Structure formats: C-alpha cells, structure tokens
file work.pdb (PDB, C-alpha atoms)
MODEL        1
ATOM      1  CA  MET A  12       0.000   0.000   0.000
ATOM      2  CA  THR A  13       1.309   3.447  -0.906
ATOM      3  CA  ALA A  14       1.597   5.958   1.911
ATOM      4  CA  LEU A  15      -0.189   9.267   1.653
ATOM      5  CA  PRO A  16       2.040  12.315   1.256
ATOM      6  CA  ASP A  17       3.061  14.074   4.457
ATOM      7  CA  ASP A  18       2.473  17.785   5.033
ATOM      8  CA  THR A  19       5.785  18.694   3.376
ATOM      9  CA  ALA A  20       5.184  16.789   0.134
ATOM     10  CA  ARG A  21       4.065  18.876  -2.804
ATOM     11  CA  ARG A  22       0.964  17.718  -4.625
ATOM     12  CA  VAL A  23       1.568  19.069  -8.113
ATOM     13  CA  LEU A  24      -1.027  19.498 -10.828
ATOM     14  CA  PHE A  25       0.578  19.667 -14.274
ATOM     15  CA  SER A  26      -0.966  20.542 -17.616
ATOM     16  CA  ALA A  27      -0.083  21.473 -21.170
ATOM     17  CA  GLN A  28      -2.735  23.696 -22.715
ATOM     18  CA  LYS A  29      -3.756  25.670 -25.748
ATOM     19  CA  ASN A  30      -6.728  28.062 -25.769
ATOM     20  CA  GLU A  31      -8.294  26.964 -22.472
ATOM     21  CA  GLY A  32      -8.797  30.489 -21.102
ATOM     22  CA  PRO A  33     -12.461  30.169 -20.094
ATOM     23  CA  PHE A  34     -11.728  27.154 -17.871
ATOM     24  CA  ILE A  35      -8.451  27.996 -16.128
ATOM     25  CA  LEU A  36      -9.730  29.771 -12.997
ATOM     26  CA  GLU A  37     -12.395  27.191 -12.136
ATOM     27  CA  TRP A  38      -9.947  24.327 -12.774
ATOM     28  CA  MET A  39      -7.326  25.927 -10.533
ATOM     29  CA  ALA A  40      -9.793  26.761  -7.747
ATOM     30  CA  TYR A  41     -11.276  23.268  -7.707
ATOM     31  CA  HIS A  42      -7.961  21.442  -7.599
ATOM     32  CA  THR A  43      -6.514  23.786  -4.993
ATOM     33  CA  ALA A  44      -9.610  23.202  -2.844
ATOM     34  CA  ILE A  45      -9.121  19.425  -2.948
ATOM     35  CA  GLY A  46      -5.486  19.651  -1.888
ATOM     36  CA  PHE A  47      -3.104  20.363  -4.761
ATOM     37  CA  THR A  48      -0.304  22.610  -3.506
ATOM     38  CA  ASP A  49       1.354  23.573  -6.789
ATOM     39  CA  ILE A  50       0.093  24.088 -10.323
ATOM     40  CA  ILE A  51       2.385  24.043 -13.355
ATOM     41  CA  VAL A  52       1.006  24.908 -16.789
ATOM     42  CA  TYR A  53       2.799  24.935 -20.124
ATOM     43  CA  SER A  54       1.010  26.735 -22.944
ATOM     44  CA  ASN A  55       1.648  26.920 -26.663
ATOM     45  CA  ASP A  56       0.287  28.844 -29.654
ATOM     46  CA  CYS A  57      -2.635  30.421 -27.771
ATOM     47  CA  THR A  58      -4.913  32.841 -29.574
ATOM     48  CA  ASP A  59      -7.578  33.321 -26.873
ATOM     49  CA  GLY A  60      -5.606  35.379 -24.341
ATOM     50  CA  SER A  61      -5.026  32.439 -22.013
ATOM     51  CA  GLU A  62      -1.255  32.986 -22.009
ATOM     52  CA  LYS A  63      -1.765  36.524 -20.665
ATOM     53  CA  MET A  64      -4.094  35.159 -17.983
ATOM     54  CA  LEU A  65      -1.577  32.471 -17.042
ATOM     55  CA  GLU A  66       1.250  35.032 -16.918
ATOM     56  CA  THR A  67      -0.846  37.240 -14.617
ATOM     57  CA  LEU A  68      -1.621  34.291 -12.337
ATOM     58  CA  ALA A  69       2.071  33.347 -12.303
ATOM     59  CA  ALA A  70       3.052  36.918 -11.374
ATOM     60  CA  LYS A  71       0.656  36.668  -8.408
ATOM     61  CA  GLY A  72       2.247  33.363  -7.315
ATOM     62  CA  ALA A  73      -0.839  31.276  -8.043
ATOM     63  CA  LEU A  74       0.937  28.916 -10.442
ATOM     64  CA  THR A  75       4.036  28.338 -12.521
ATOM     65  CA  HIS A  76       3.611  29.091 -16.218
ATOM     66  CA  ARG A  77       5.875  28.480 -19.155
ATOM     67  CA  ILE A  78       5.237  29.299 -22.802
ATOM     68  CA  HIS A  79       6.806  26.770 -25.126
ATOM     69  CA  THR A  80       7.025  26.139 -28.838
ATOM     70  CA  PRO A  81       7.124  22.414 -29.494
ATOM     71  CA  PRO A  82       9.176  21.190 -32.442
ATOM     72  CA  ALA A  83       7.075  20.286 -35.494
ATOM     73  CA  ASP A  84       7.650  16.556 -34.992
ATOM     74  CA  THR A  85       6.840  16.532 -31.245
ATOM     75  CA  ALA A  86       3.461  16.520 -29.497
ATOM     76  CA  PRO A  87       3.024  19.607 -27.282
ATOM     77  CA  GLN A  88       2.338  17.433 -24.230
ATOM     78  CA  GLN A  89       5.531  15.436 -24.679
ATOM     79  CA  ASN A  90       7.549  18.613 -25.176
ATOM     80  CA  ALA A  91       6.043  20.239 -22.064
ATOM     81  CA  SER A  92       6.775  17.183 -19.933
ATOM     82  CA  ARG A  93      10.364  17.028 -21.129
ATOM     83  CA  LEU A  94      10.926  20.740 -20.505
ATOM     84  CA  ALA A  95       9.418  20.607 -17.007
ATOM     85  CA  GLN A  96      11.625  17.666 -16.072
ATOM     86  CA  GLU A  97      14.737  19.301 -17.545
ATOM     87  CA  GLU A  98      14.017  22.516 -15.629
ATOM     88  CA  GLY A  99      13.618  20.578 -12.394
ATOM     89  CA  LEU A 100      10.031  21.671 -11.789
ATOM     90  CA  PHE A 101       9.276  18.210 -10.384
ATOM     91  CA  ARG A 102      11.231  17.395  -7.240
ATOM     92  CA  PRO A 103      11.915  14.090  -5.499
ATOM     93  CA  GLY A 104       8.972  13.269  -3.256
ATOM     94  CA  ASP A 105       6.424  15.233  -5.290
ATOM     95  CA  TRP A 106       3.107  13.660  -6.103
ATOM     96  CA  VAL A 107       2.333  14.754  -9.671
ATOM     97  CA  MET A 108      -0.932  14.434 -11.567
ATOM     98  CA  TRP A 109      -1.222  15.423 -15.195
ATOM     99  CA  LEU A 110      -4.670  16.610 -16.215
ATOM    100  CA  ASP A 111      -5.957  18.616 -19.130
ATOM    101  CA  ILE A 112      -7.675  21.834 -18.111
ATOM    102  CA  ASP A 113     -11.044  20.339 -19.019
ATOM    103  CA  GLU A 114     -10.430  17.328 -16.723
ATOM    104  CA  TYR A 115     -11.087  17.145 -12.992
ATOM    105  CA  LEU A 116      -9.944  14.704 -10.334
ATOM    106  CA  VAL A 117     -13.018  13.517  -8.446
ATOM    107  CA  PRO A 118     -12.041  11.602  -5.307
ATOM    108  CA  ASN A 119     -14.733   9.261  -4.018
TER
ENDMDL
END
call {"tool": "encode", "arguments": {"input": "work.pdb", "output": "structure tokens"}}
result
Amino acid sequence: MTALPDDTARRVLFSAQKNEGPFILEWMAYHTAIGFTDIIVYSNDCTDGSEKMLETLAAKGALTHRIHTPPADTAPQQNASRLAQEEGLFRPGDWVMWLDIDEYLVPN
C-alpha cells in the first residue's frame, strides 16, 4: 500500500494547454480546494488570451507558467513534460498528476 504524502510533500497538478482560457480559474480553484499545492502549466500557440491570464496568475504566485514552442515533430504534451523535467520543476517526493484543463480529479 502506498503511503499518503506528508504535510511537506508537494501535490503538483501539471498541464499542457492551448486556448483553455475560459476554464483555467475554475480548474485551478477546484484542484486547490481538494489539496493540490502547486500548479504548473505549459502553454503553446494560444490565440484566446489564455497565455496573458496564465502570466498574470504566475506573477501573483498562483501557479508556474511556461510558454513553449514544441518542435514540429513533437506533441506539445511530450515537449512540455520534457521541458518541465529538464528545468527541475518536479522534485523528489512530489506527487504529480497530469490533467488537461477540461479534466477534474473527483475523489470518491
């Protein structure tokens, strides 16, 4: 059986997104309310203003945001994951869940 994280473990919510502006605040609020401690979002090629919203939220300390341009032969999600790992955004002991911004964890 896997132990639950202690109070010092980060519970990280990770996502790669494009044009999810209308959903970001609700998604963040919900997942913070159920216990996620850190939110990391990579965005690419947005045309709906979501990158500006994410940058504003990052400036306020609500999340970590990175804009990336995936290579033509690489899926944006794979590129975002690689970049986050290379940058050291995930630390030993973190619990990390990857969800799209239109997906919600519903614990029962």
call {"tool": "closest_residue", "arguments": {"input": "work.pdb", "among": "A:Phe34, A:Gly99, A:Leu110, A:Lys29", "to": "Pro87 of chain A", "atoms": "all atoms listed in the file"}}
result
A:Lys29
call {"tool": "closest_residue", "arguments": {"input": "work.pdb", "among": "A:Ala69, A:Glu62, A:Arg93, A:Thr80", "to": "Glu31 of chain A", "atoms": "all atoms listed in the file"}}
result
A:Glu62
call {"tool": "atom_distance", "arguments": {"input": "work.pdb", "atom1": "atom CA of His42 of chain A", "atom2": "atom CA of Thr85 of chain A"}}
result
28.3 Å
call {"tool": "residues_around", "arguments": {"input": "work.pdb", "residues": "Leu74 of chain A", "least_positions_apart": "4", "cutoff": "7 Å", "atoms": "only C-alpha atoms", "output": "list of chain:residue names"}}
result
A:Asp49, A:Ile50, A:Ile51, A:Leu68, A:Ala69
call {"tool": "write_last_selection", "arguments": {"input": "work.pdb", "atoms": "C-alpha atoms", "output": "compact mmCIF listing (two decimals), keeping the file's coordinate frame"}}
result
# COMPACT_ATOMS: atom_id res chain seq x y z
CA ASP A 49 1.35 23.57 -6.79
CA ILE A 50 0.09 24.09 -10.32
CA ILE A 51 2.38 24.04 -13.36
CA LEU A 68 -1.62 34.29 -12.34
CA ALA A 69 2.07 33.35 -12.30
call {"tool": "residues_around", "arguments": {"input": "work.pdb", "residues": "Gln89 of chain A", "least_positions_apart": "6", "cutoff": "12 Å", "atoms": "only C-alpha atoms", "output": "JSON, numbers by chain"}}
result
{"A": [26, 27, 28, 53, 79, 80, 81, 82, 83, 95, 96, 109]}
call {"tool": "closest_residue", "arguments": {"input": "work.pdb", "among": "A:Ile45, A:Met39, A:Ala70, A:Ile78", "to": "Leu94 of chain A", "atoms": "all atoms listed in the file"}}
result
A:Ile78
call {"tool": "atom_distance", "arguments": {"input": "work.pdb", "atom1": "atom CA of Val117 of chain A", "atom2": "atom CA of Arg77 of chain A"}}
result
26.4 Å
call {"tool": "closest_residue", "arguments": {"input": "work.pdb", "among": "A:Lys63, A:Tyr41, A:Thr48, A:Gln88", "to": "Asp105 of chain A", "atoms": "only C-alpha atoms"}}
result
A:Thr48
call {"tool": "closest_residue", "arguments": {"input": "work.pdb", "among": "A:Gly32, A:Trp38, A:Ser92, A:Ala44", "to": "Thr58 of chain A", "atoms": "only C-alpha atoms"}}
result
A:Gly32
call {"tool": "atom_distance", "arguments": {"input": "work.pdb", "atom1": "atom CA of Ser54 of chain A", "atom2": "atom CA of Thr19 of chain A"}}
result
27.9 Å
call {"tool": "closest_residue", "arguments": {"input": "work.pdb", "among": "A:Leu116, A:Val107, A:Ala91, A:Leu65", "to": "Leu24 of chain A", "atoms": "only C-alpha atoms"}}
result
A:Val107
